[in-house]
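Pasting run.tsv here (TSV, C-alpha atoms):
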```tsv
chain	number	residue	atom	x	y	z
K	1	LYS	CA	112.72	75.59	92.13
K	2	ASN	CA	110.22	78.17	90.98
K	3	PRO	CA	108.49	78.07	87.56
K	4	LYS	CA	111.37	80.02	86.00
K	5	GLY	CA	113.82	77.32	87.05
K	6	HIS	CA	115.64	79.43	89.65
K	7	PRO	CA	116.09	78.46	93.31
K	8	TYR	CA	113.48	79.95	95.56
K	9	THR	CA	114.60	83.00	97.53
K	10	GLN	CA	113.80	83.47	101.20
K	11	SER	CA	113.02	86.97	102.41
K	12	PRO	CA	114.03	89.47	103.70
K	13	ILE	CA	117.27	90.39	101.98
K	14	ASN	CA	119.50	93.37	101.34
K	15	VAL	CA	117.91	94.83	98.22
K	16	THR	CA	120.52	96.13	95.82
K	17	PRO	CA	120.64	95.79	92.01
K	18	GLN	CA	122.67	92.78	90.97
K	19	ASN	CA	122.99	90.19	88.23
K	20	LYS	CA	122.32	93.09	85.82
K	21	LYS	CA	118.67	92.18	85.47
K	22	HIS	CA	116.79	94.83	83.53
K	23	CYS	CA	113.55	96.46	84.63
K	24	ASN	CA	110.78	95.07	82.41
K	25	GLU	CA	107.97	97.00	84.06
K	26	TYR	CA	106.51	99.69	81.86
K	27	HIS	CA	104.30	101.72	84.21
K	28	GLN	CA	103.97	102.74	87.84
K	29	ILE	CA	102.02	100.80	90.47
K	30	ARG	CA	98.50	102.07	89.77
K	31	ASP	CA	96.89	102.19	93.17
K	32	ARG	CA	93.42	103.11	94.40
K	33	ALA	CA	92.50	104.01	97.96
K	34	GLY	CA	89.22	102.10	98.15
K	35	ASP	CA	86.16	102.94	100.24
K	36	TRP	CA	87.19	102.07	103.78
K	37	ARG	CA	88.18	104.18	106.76
K	38	LEU	CA	90.39	102.87	109.52
K	39	ASP	CA	87.62	103.31	112.09
K	40	ASP	CA	85.11	101.22	110.14
K	41	VAL	CA	84.38	98.21	112.31
K	42	GLU	CA	84.78	95.89	109.32
K	43	VAL	CA	88.42	96.95	108.98
K	44	GLU	CA	90.14	94.78	111.56
K	45	LYS	CA	93.08	96.11	113.55
K	46	GLN	CA	95.22	93.32	115.03
K	47	PHE	CA	98.07	93.23	117.52
K	48	LEU	CA	100.05	90.17	116.45
K	49	GLY	CA	103.23	88.87	117.99
K	50	SER	CA	105.55	90.46	115.46
K	51	LYS	CA	103.55	93.31	113.98
K	52	LEU	CA	100.53	95.54	113.75
K	53	ARG	CA	98.14	94.34	111.03
K	54	ILE	CA	95.25	96.01	109.20
K	55	VAL	CA	92.91	93.45	107.61
K	56	TYR	CA	90.49	94.61	104.92
K	57	PRO	CA	87.16	92.88	104.27
K	58	ARG	CA	87.10	90.69	101.18
K	59	ARG	CA	85.14	92.03	98.25
K	60	THR	CA	81.58	90.66	98.15
K	61	GLY	CA	80.16	92.72	95.29
K	62	LEU	CA	80.78	95.84	93.24
K	63	GLU	CA	80.88	97.99	96.39
K	64	PRO	CA	82.57	98.74	98.70
K	65	ASP	CA	86.06	98.53	97.21
K	66	PRO	CA	89.06	97.47	99.30
K	67	PRO	CA	92.29	99.32	98.44
K	68	ASN	CA	93.67	97.83	95.26
K	69	ALA	CA	96.45	98.18	92.72
K	70	ASP	CA	97.53	97.31	89.20
K	71	ILE	CA	101.02	95.81	89.57
K	72	PRO	CA	103.04	95.99	86.33
K	73	LEU	CA	104.62	93.00	84.59
K	74	GLY	CA	101.98	90.35	84.17
K	75	TRP	CA	99.95	90.65	87.36
K	76	GLN	CA	96.19	91.06	87.27
K	77	LYS	CA	94.78	94.55	86.99
K	78	GLN	CA	93.53	96.18	90.22
K	79	MET	CA	94.11	93.34	92.64
K	80	ASP	CA	92.65	93.86	96.12
K	81	VAL	CA	94.75	94.51	99.21
K	82	VAL	CA	94.35	91.71	101.77
K	83	HIS	CA	96.22	93.23	104.68
K	84	ILE	CA	98.93	95.69	105.73
K	85	ASP	CA	101.70	94.81	108.21
K	86	ILE	CA	103.88	97.25	110.16
K	87	LYS	CA	107.07	95.94	111.76
K	88	VAL	CA	109.93	97.36	113.84
K	89	PRO	CA	112.70	97.62	112.69
K	90	SER	CA	112.73	97.12	108.93
K	91	GLU	CA	113.13	93.57	107.66
K	92	HIS	CA	114.63	94.50	104.30
K	93	GLN	CA	117.73	96.57	103.82
K	94	LEU	CA	118.02	98.99	100.93
K	95	ASN	CA	121.55	99.17	99.51
K	96	GLY	CA	122.94	98.02	102.85
K	97	THR	CA	120.91	100.42	104.99
K	98	SER	CA	118.44	99.27	107.64
K	99	TYR	CA	115.47	101.47	108.53
K	100	GLU	CA	113.46	102.16	111.66
K	101	ALA	CA	110.39	100.24	110.51
K	102	GLU	CA	108.71	98.68	107.48
K	103	TYR	CA	105.18	99.01	106.09
K	104	GLN	CA	104.14	96.06	103.90
K	105	ILE	CA	101.03	95.98	101.71
K	106	PHE	CA	100.02	92.44	100.69
K	107	ILE	CA	97.93	91.79	97.59
K	108	MET	CA	96.76	88.30	96.65
K	109	SER	CA	96.38	87.17	93.06
K	110	THR	CA	93.19	85.27	92.23
K	111	ALA	CA	94.87	83.76	89.15
K	112	GLY	CA	97.24	81.47	91.05
K	113	ARG	CA	100.36	83.60	90.73
K	114	GLY	CA	100.83	84.10	94.47
K	115	ALA	CA	101.10	87.38	96.36
K	116	ALA	CA	102.49	90.78	95.52
K	117	ALA	CA	103.96	92.74	98.41
K	118	ILE	CA	104.68	96.45	98.28
K	119	SER	CA	107.22	97.38	100.94
K	120	ILE	CA	107.72	100.95	102.11
K	121	LEU	CA	110.62	101.47	104.47
K	122	ILE	CA	110.12	103.96	107.31
K	123	ASP	CA	112.65	106.53	108.48
K	124	THR	CA	112.42	109.47	110.88
K	125	HIS	CA	113.03	113.17	110.34
K	126	ASN	CA	114.06	115.89	112.78
K	127	ARG	CA	111.25	118.27	111.94
K	128	PRO	CA	108.38	118.69	114.42
K	129	ARG	CA	105.71	117.99	111.77
K	130	GLU	CA	104.07	114.61	112.13
K	131	ASN	CA	103.08	112.36	109.26
K	132	ALA	CA	99.32	113.04	109.08
K	133	GLN	CA	98.31	109.76	107.44
K	134	PHE	CA	100.49	107.68	109.74
K	135	LYS	CA	98.96	109.51	112.70
K	136	LEU	CA	95.53	108.25	111.65
K	137	LEU	CA	96.93	104.72	111.62
K	138	LEU	CA	98.51	105.14	115.06
K	139	ASP	CA	95.32	106.66	116.49
K	140	ALA	CA	93.26	103.68	115.32
K	141	PHE	CA	95.62	101.28	117.11
K	142	LYS	CA	95.89	103.52	120.18
K	143	MET	CA	92.15	103.34	120.69
K	144	LEU	CA	92.21	99.53	120.59
K	145	PHE	CA	95.33	99.44	122.77
K	146	ILE	CA	93.68	101.62	125.42
K	147	SER	CA	90.41	99.70	125.23
K	148	ASP	CA	92.22	96.38	125.78
K	149	TYR	CA	94.32	97.77	128.61
K	150	SER	CA	91.27	99.30	130.25
K	151	ASP	CA	89.63	95.85	130.28
K	152	CYS	CA	92.83	94.32	131.63
K	153	LEU	CA	93.10	97.01	134.30
K	154	ALA	CA	89.59	96.31	135.54
K	155	LYS	CA	90.58	92.68	136.11
K	156	LYS	CA	93.96	93.09	137.79
K	157	ARG	CA	93.43	96.37	139.68
K	158	LEU	CA	91.52	94.46	142.34
K	159	ASN	CA	94.56	92.48	143.40
K	160	ILE	CA	97.97	93.66	142.20
K	161	PRO	CA	100.81	91.70	143.88
K	162	ARG	CA	103.01	93.94	146.01
K	163	GLY	CA	106.08	93.28	143.88
K	164	ARG	CA	104.25	94.35	140.72
K	165	LYS	CA	103.02	97.75	141.91
K	166	LEU	CA	106.11	99.69	140.76
K	167	GLU	CA	106.11	97.87	137.42
K	168	ASN	CA	102.44	98.76	136.99
K	169	ILE	CA	103.10	102.45	137.76
K	170	LEU	CA	105.91	102.57	135.20
K	171	PHE	CA	103.70	100.91	132.56
K	172	GLU	CA	100.91	103.42	133.23
K	173	GLU	CA	103.39	106.24	132.71
K	174	GLU	CA	104.29	104.76	129.31
K	175	ILE	CA	100.62	104.84	128.36
K	176	ARG	CA	100.24	108.45	129.51
K	177	ASN	CA	103.18	109.30	127.26
K	178	LEU	CA	101.56	107.39	124.40
K	179	LEU	CA	98.58	109.74	124.63
K	180	SER	CA	100.58	112.88	125.30
K	181	ASP	CA	100.13	114.51	121.88
K	182	ASP	CA	96.53	113.52	121.27
K	183	GLU	CA	94.12	116.41	120.77
K	184	ASP	CA	91.35	114.50	122.53
K	185	ARG	CA	93.41	114.12	125.68
K	186	GLN	CA	93.73	117.91	126.18
K	187	THR	CA	95.03	118.71	129.68
K	188	GLU	CA	93.93	115.71	131.67
K	189	ASP	CA	97.15	114.70	133.39
K	190	HIS	CA	95.49	115.41	136.72
K	191	LEU	CA	92.94	112.62	136.23
K	192	PRO	CA	93.36	109.24	137.92
K	193	PHE	CA	94.65	106.70	135.43
K	194	GLU	CA	91.38	104.80	135.01
K	195	ASP	CA	89.46	108.05	134.47
K	196	LEU	CA	92.02	109.18	131.87
K	197	LEU	CA	91.46	105.98	129.87
K	198	ASP	CA	87.66	106.27	130.10
K	199	SER	CA	87.77	109.94	129.10
K	200	TYR	CA	90.03	109.19	126.12
K	201	LEU	CA	87.79	106.40	124.79
K	202	ASP	CA	84.62	108.40	125.35
K	203	LYS	CA	85.93	111.46	123.50
K	204	LYS	CA	87.14	109.36	120.59
K	205	ARG	CA	83.71	107.75	120.22
K	206	ARG	CA	81.88	111.06	120.49
K	207	ARG	CA	84.23	112.79	118.05
K	208	ARG	CA	83.71	109.99	115.52
K	209	GLN	CA	79.94	110.28	115.91
K	210	GLU	CA	80.03	114.07	115.50
K	211	ILE	CA	82.08	113.88	112.30
K	212	HIS	CA	79.82	111.22	110.75
K	213	PRO	CA	76.43	111.48	112.53
K	214	ASP	CA	74.70	109.17	110.03
K	215	CYS	CA	76.92	106.21	110.88
K	216	LEU	CA	75.78	103.42	113.14
K	217	PHE	CA	79.08	102.92	114.95
K	218	GLY	CA	79.42	99.57	116.63
K	219	ASN	CA	76.82	98.02	114.32
K	220	VAL	CA	77.98	98.74	110.78
K	221	THR	CA	77.00	95.71	108.70
K	222	ASP	CA	75.72	97.31	105.51
K	223	GLY	CA	78.44	97.52	102.87
K	224	LEU	CA	76.77	100.60	101.39
K	225	ASP	CA	76.59	102.43	104.72
K	226	PRO	CA	77.97	106.00	104.37
K	227	CYS	CA	80.63	105.12	106.94
K	228	THR	CA	82.17	102.63	104.54
K	229	SER	CA	82.00	104.55	101.28
K	230	GLU	CA	84.02	107.74	101.78
K	231	GLY	CA	87.56	106.47	101.18
K	232	PHE	CA	88.65	108.38	104.25
K	233	TRP	CA	92.11	106.78	104.66
K	234	ASP	CA	94.46	106.17	101.74
K	235	PRO	CA	97.06	103.45	102.47
K	236	TRP	CA	98.99	104.59	99.38
K	237	HIS	CA	98.99	108.33	100.14
K	238	LYS	CA	101.47	109.94	97.74
K	239	ASP	CA	102.80	112.65	100.07
K	240	ASP	CA	102.90	110.78	103.38
K	241	ILE	CA	103.22	107.06	102.60
K	242	MET	CA	104.29	105.98	99.10
K	243	ARG	CA	106.50	108.91	98.12
K	244	SER	CA	107.94	107.48	94.90
K	245	PHE	CA	106.66	105.77	91.76
K	246	TRP	CA	109.83	103.68	91.41
K	247	PHE	CA	111.06	100.56	93.17
K	248	TYR	CA	113.37	97.58	93.45
K	249	ALA	CA	111.90	94.14	92.76
K	250	TYR	CA	112.68	90.46	93.33
K	251	ASP	CA	110.84	87.17	93.83
K	252	GLY	CA	110.97	86.01	97.45
K	253	SER	CA	108.92	84.62	100.31
K	254	LEU	CA	106.79	85.46	103.28
K	255	THR	CA	109.03	86.55	106.15
K	256	GLU	CA	107.22	84.46	108.78
K	257	PRO	CA	106.33	80.76	109.00
K	258	PRO	CA	105.40	78.97	106.82
K	259	CYS	CA	107.66	81.27	104.72
K	260	TYR	CA	106.01	80.23	101.44
K	261	PRO	CA	108.17	81.35	98.49
K	262	PHE	CA	105.40	82.89	96.39
K	263	VAL	CA	105.82	86.63	96.95
K	264	GLY	CA	106.72	89.18	94.30
K	265	TRP	CA	108.35	91.94	96.35
K	266	ARG	CA	108.42	95.60	95.29
K	267	ILE	CA	110.56	97.77	97.61
K	268	VAL	CA	109.77	101.46	97.07
K	269	ASP	CA	113.03	103.37	96.63
K	270	THR	CA	112.09	106.30	98.90
K	271	PRO	CA	111.19	105.80	102.57
K	272	MET	CA	108.14	107.09	104.38
K	273	LEU	CA	109.09	109.79	106.92
K	274	ILE	CA	107.57	109.96	110.41
K	275	SER	CA	108.49	111.89	113.55
K	276	ARG	CA	110.57	110.45	116.39
K	277	LYS	CA	107.49	110.65	118.61
K	278	GLN	CA	105.50	108.60	116.09
K	279	LEU	CA	108.26	105.98	115.94
K	280	ASN	CA	108.32	105.74	119.75
K	281	ASP	CA	104.53	105.37	119.77
K	282	LEU	CA	104.74	102.62	117.14
K	283	ARG	CA	107.27	100.74	119.25
K	284	LYS	CA	105.09	101.02	122.36
K	285	LEU	CA	102.04	99.76	120.49
K	286	ILE	CA	103.91	96.69	119.24
K	287	PHE	CA	106.01	95.94	122.31
K	288	LEU	CA	103.65	96.83	125.21
K	289	HIS	CA	100.20	95.69	124.09
K	290	GLN	CA	98.21	93.41	126.38
K	291	THR	CA	94.88	91.77	125.62
K	292	GLY	CA	91.79	92.43	127.72
K	293	GLU	CA	92.80	89.30	129.62
K	294	CYS	CA	96.18	90.87	130.51
K	295	VAL	CA	98.17	88.62	128.15
K	296	PRO	CA	101.14	90.35	126.42
K	297	THR	CA	101.00	89.87	122.65
K	298	SER	CA	104.52	90.86	121.53
K	299	ASN	CA	107.19	88.27	120.82
K	300	GLN	CA	109.87	90.94	120.41
K	301	TYR	CA	113.48	90.09	121.13
K	302	GLY	CA	115.95	92.89	121.74
K	303	HIS	CA	113.35	95.49	120.67
K	304	SER	CA	112.93	93.80	117.28
K	305	VAL	CA	110.16	91.74	115.70
K	306	ALA	CA	111.84	91.48	112.29
K	307	ARG	CA	113.11	88.26	110.73
K	308	PRO	CA	116.93	88.25	110.44
K	309	LEU	CA	118.37	89.26	107.09
K	310	LEU	CA	119.04	86.38	104.69
K	311	SER	CA	121.56	86.04	101.87
K	312	ASN	CA	120.88	87.76	98.56
K	313	LYS	CA	123.58	85.75	96.79
K	314	GLY	CA	122.40	84.81	93.32
K	315	VAL	CA	119.06	86.60	93.72
K	316	GLU	CA	117.86	88.44	90.63
K	317	ILE	CA	117.06	91.96	91.81
K	318	HIS	CA	116.24	94.80	89.49
K	319	ARG	CA	115.53	98.48	89.92
K	320	CYS	CA	112.96	100.51	88.01
K	321	THR	CA	113.62	104.24	87.67
K	322	CYS	CA	112.48	107.18	85.57
K	323	LEU	CA	114.80	105.84	82.86
K	324	ASP	CA	112.28	102.98	82.50
K	325	PHE	CA	108.99	104.86	82.87
K	326	LEU	CA	107.59	108.17	84.09
K	327	SER	CA	104.57	108.59	86.31
K	328	ASP	CA	101.16	108.31	84.67
K	329	MET	CA	100.54	111.99	85.37
K	330	GLU	CA	103.62	113.07	83.43
K	331	ARG	CA	102.89	110.68	80.60
K	332	ASP	CA	99.32	111.94	80.33
K	333	ALA	CA	100.60	115.52	80.21
K	334	ASN	CA	103.06	114.67	77.43
K	335	PRO	CA	102.13	111.37	75.72
K	336	LYS	CA	105.22	111.49	73.50
K	337	ILE	CA	107.61	111.15	76.46
K	338	ASP	CA	107.67	107.85	78.38
K	339	THR	CA	111.01	108.10	80.18
K	340	CYS	CA	113.39	110.70	81.54
K	341	PRO	CA	116.76	111.53	79.92
K	342	VAL	CA	119.84	110.55	81.92
K	343	GLU	CA	120.71	114.18	82.60
K	344	ARG	CA	117.42	114.64	84.47
K	345	PHE	CA	117.78	111.48	86.58
K	346	CYS	CA	118.72	113.41	89.71
K	347	GLU	CA	115.49	115.42	89.52
K	348	TYR	CA	113.58	112.20	90.22
K	349	HIS	CA	115.99	110.12	92.32
K	350	GLU	CA	118.90	110.35	94.67
K	351	CYS	CA	122.04	110.45	92.56
K	352	ALA	CA	123.88	108.91	90.90
K	353	PRO	CA	122.24	107.32	87.85
K	354	PRO	CA	122.47	103.52	87.72
K	355	VAL	CA	125.13	102.00	85.48
```
File written out as structure tokens:
Amino acid sequence: KNPKGHPYTQSPINVTPQNKKHCNEYHQIRDRAGDWRLDDVEVEKQFLGSKLRIVYPRRTGLEPDPPNADIPLGWQKQMDVVHIDIKVPSEHQLNGTSYEAEYQIFIMSTAGRGAAAISILIDTHNRPRENAQFKLLLDAFKMLFISDYSDCLAKKRLNIPRGRKLENILFEEEIRNLLSDDEDRQTEDHLPFEDLLDSYLDKKRRRRQEIHPDCLFGNVTDGLDPCTSEGFWDPWHKDDIMRSFWFYAYDGSLTEPPCYPFVGWRIVDTPMLISRKQLNDLRKLIFLHQTGECVPTSNQYGHSVARPLLSNKGVEIHRCTCLDFLSDMERDANPKIDTCPVERFCEYHECAPPV
């Protein structure tokens, strides 16, 4: 049992308020973007069997700052983000609904409490507009994906077994589609496949150098280098990523072995929205990646890398809404008002008000 005397809960679960547990949090998750860009070489992008992962460097001094957050209800102030995982489809359900994907921000306590995980479910919209911040994430992984496949191609192009030629052509077409909306690709469908990959990588490197000419790309080791101090990508972006201040919460576990039950989950109550094209690209990145040695990395089964849903029976789950606290911005504008009245609930949330 955990320190509160309750049985440990395994994650993921269907997150829905039950057991009438009250929200004891008294302020929003107070997040900061930090100083890192996704294309900083210190920020590691990983293709793991069940997910994409962004790993931030550990803090070694006052600067640079990793992304961090003040989690309400007894956690340390401004704890650093360790890594971000993106999985397809969602692991958690929200009120019985599964989502297309899930974006999980993991923060480790240095005071022995365990880990806090902020989960943002991902849905798609029918509008042509892409999610700008999520596009930056996809572009960072696309560059690594293409670089790895280019290395793999150089090895196996010399001797492709006859029975694999059609399979290889179909895979190359998937990669062409993956790059189809990239501004650096332009109109290069006429190029041979190897030349297309080389051109894509070269343009990305040159574009990055042009935008930040003072950066020593490929050899950035100084924590105070201008490339690592601009806060160029915000993993909490309020318009594109974390679109609500309110959440559901429960104490659970990691969703992969060893499944340690030391995670305080916060499930944001409003999903991130991406385009269908971005969702398809995300799936390709997770499901089709090969290392430079031509080894597939995905352990997907049935187009899923998510752990099966587990029982939420007896789990204490609570929801925090505007009835419990307003955003810091609203509270600063009117210090005398901490919460919203019931009649204004639907201005902040999907109706109806909780009972």
Subject >> Pairwise distance for atom CA of K:Asp234 and atom CA of K:Ala33, rounded to one decimal in Å >> reply: 4.8 Å
Check which residues of stretch 219-304 of chain K sit at most 12 Å from stretch 96-112 of chain K using all atoms listed in the file, and return one row each with the closest pair of atoms and their distance in Å to one decimal, ordered by chain and rising number, as a Markdown table.
```
| residue | atom | partner | partner_atom | distance |
| --- | --- | --- | --- | --- |
| K:Pro235 | CA | K:Ile105 | CA | 8.5 |
| K:Trp236 | CA | K:Ile105 | CA | 9.2 |
| K:Ile241 | CA | K:Tyr103 | CA | 9.0 |
| K:Met242 | CA | K:Tyr103 | CA | 9.9 |
| K:Ser253 | CA | K:Phe106 | CA | 11.9 |
| K:Leu254 | CA | K:Phe106 | CA | 10.1 |
| K:Thr255 | CA | K:Gln104 | CA | 10.9 |
| K:Phe262 | CA | K:Gly112 | CA | 9.9 |
| K:Val263 | CA | K:Phe106 | CA | 9.0 |
| K:Gly264 | CA | K:Ile107 | CA | 9.7 |
| K:Trp265 | CA | K:Phe106 | CA | 9.4 |
| K:Arg266 | CA | K:Gln104 | CA | 9.6 |
| K:Ile267 | CA | K:Gln104 | CA | 9.1 |
| K:Val268 | CA | K:Gln104 | CA | 10.4 |
| K:Asp269 | CA | K:Thr97 | CA | 11.9 |
| K:Thr270 | CA | K:Tyr99 | CA | 11.3 |
| K:Pro271 | CA | K:Tyr99 | CA | 8.5 |
| K:Met272 | CA | K:Tyr103 | CA | 8.8 |
| K:Leu273 | CA | K:Glu100 | CA | 10.0 |
| K:Ile274 | CA | K:Glu100 | CA | 9.9 |
| K:Ser275 | CA | K:Glu100 | CA | 11.1 |
| K:Arg276 | CA | K:Glu100 | CA | 10.0 |
| K:Gln278 | CA | K:Glu100 | CA | 11.2 |
| K:Leu279 | CA | K:Glu100 | CA | 7.7 |
| K:Asn280 | CA | K:Glu100 | CA | 10.2 |
| K:Leu282 | CA | K:Ala101 | CA | 9.0 |
| K:Arg283 | CA | K:Ala101 | CA | 9.3 |
| K:Ile286 | CA | K:Ala101 | CA | 11.4 |
| K:His303 | CA | K:Glu100 | CA | 11.2 |
| K:Ser304 | CA | K:Ala101 | CA | 9.7 |
```
**OP:** Please identify all polymer residues within 10 Å of stretch 14-28 of chain K, counting only C-alpha atoms, omitting same-chain residues fewer than 4 positions from it, and present them as an NGL selection string.
**Re:** :K and (70-74 or 91-98 or 244-250 or 266-267 or 269 or 309-328 or 331 or 338-339 or 354-355)
Subject >> Counting all atoms listed in the file, the residue of K:Cys340, K:Leu144, K:Ala154, K:Leu121 that sits nearest K:Ser90 >> reply: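 Between K:Cys340, K:Leu144, K:Ala154, K:Leu121, the residue approaching K:Ser90 most closely is K:Leu121.
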Subject >> K:Pro66 environment, 8 Å, only C-alpha atoms, sequence neighbours closer than 2 positions dropped, as an MDAnalysis selection string >> reply: chainID K and resid 33:36 56:59 64 68 80:81
Subject >> K:Ile118, K:Leu62, K:Pro12, K:Arg53 ranked by distance to K:Ile29, top pick (using all atoms listed in the file) >> reply: K:Ile118
Subject >> Computed interatomic separation between atom CA of K:Ile146 and atom CA of K:Phe134 (Å) >> reply: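 Atom CA of K:Ile146 sits 18.1 Å away from atom CA of K:Phe134.
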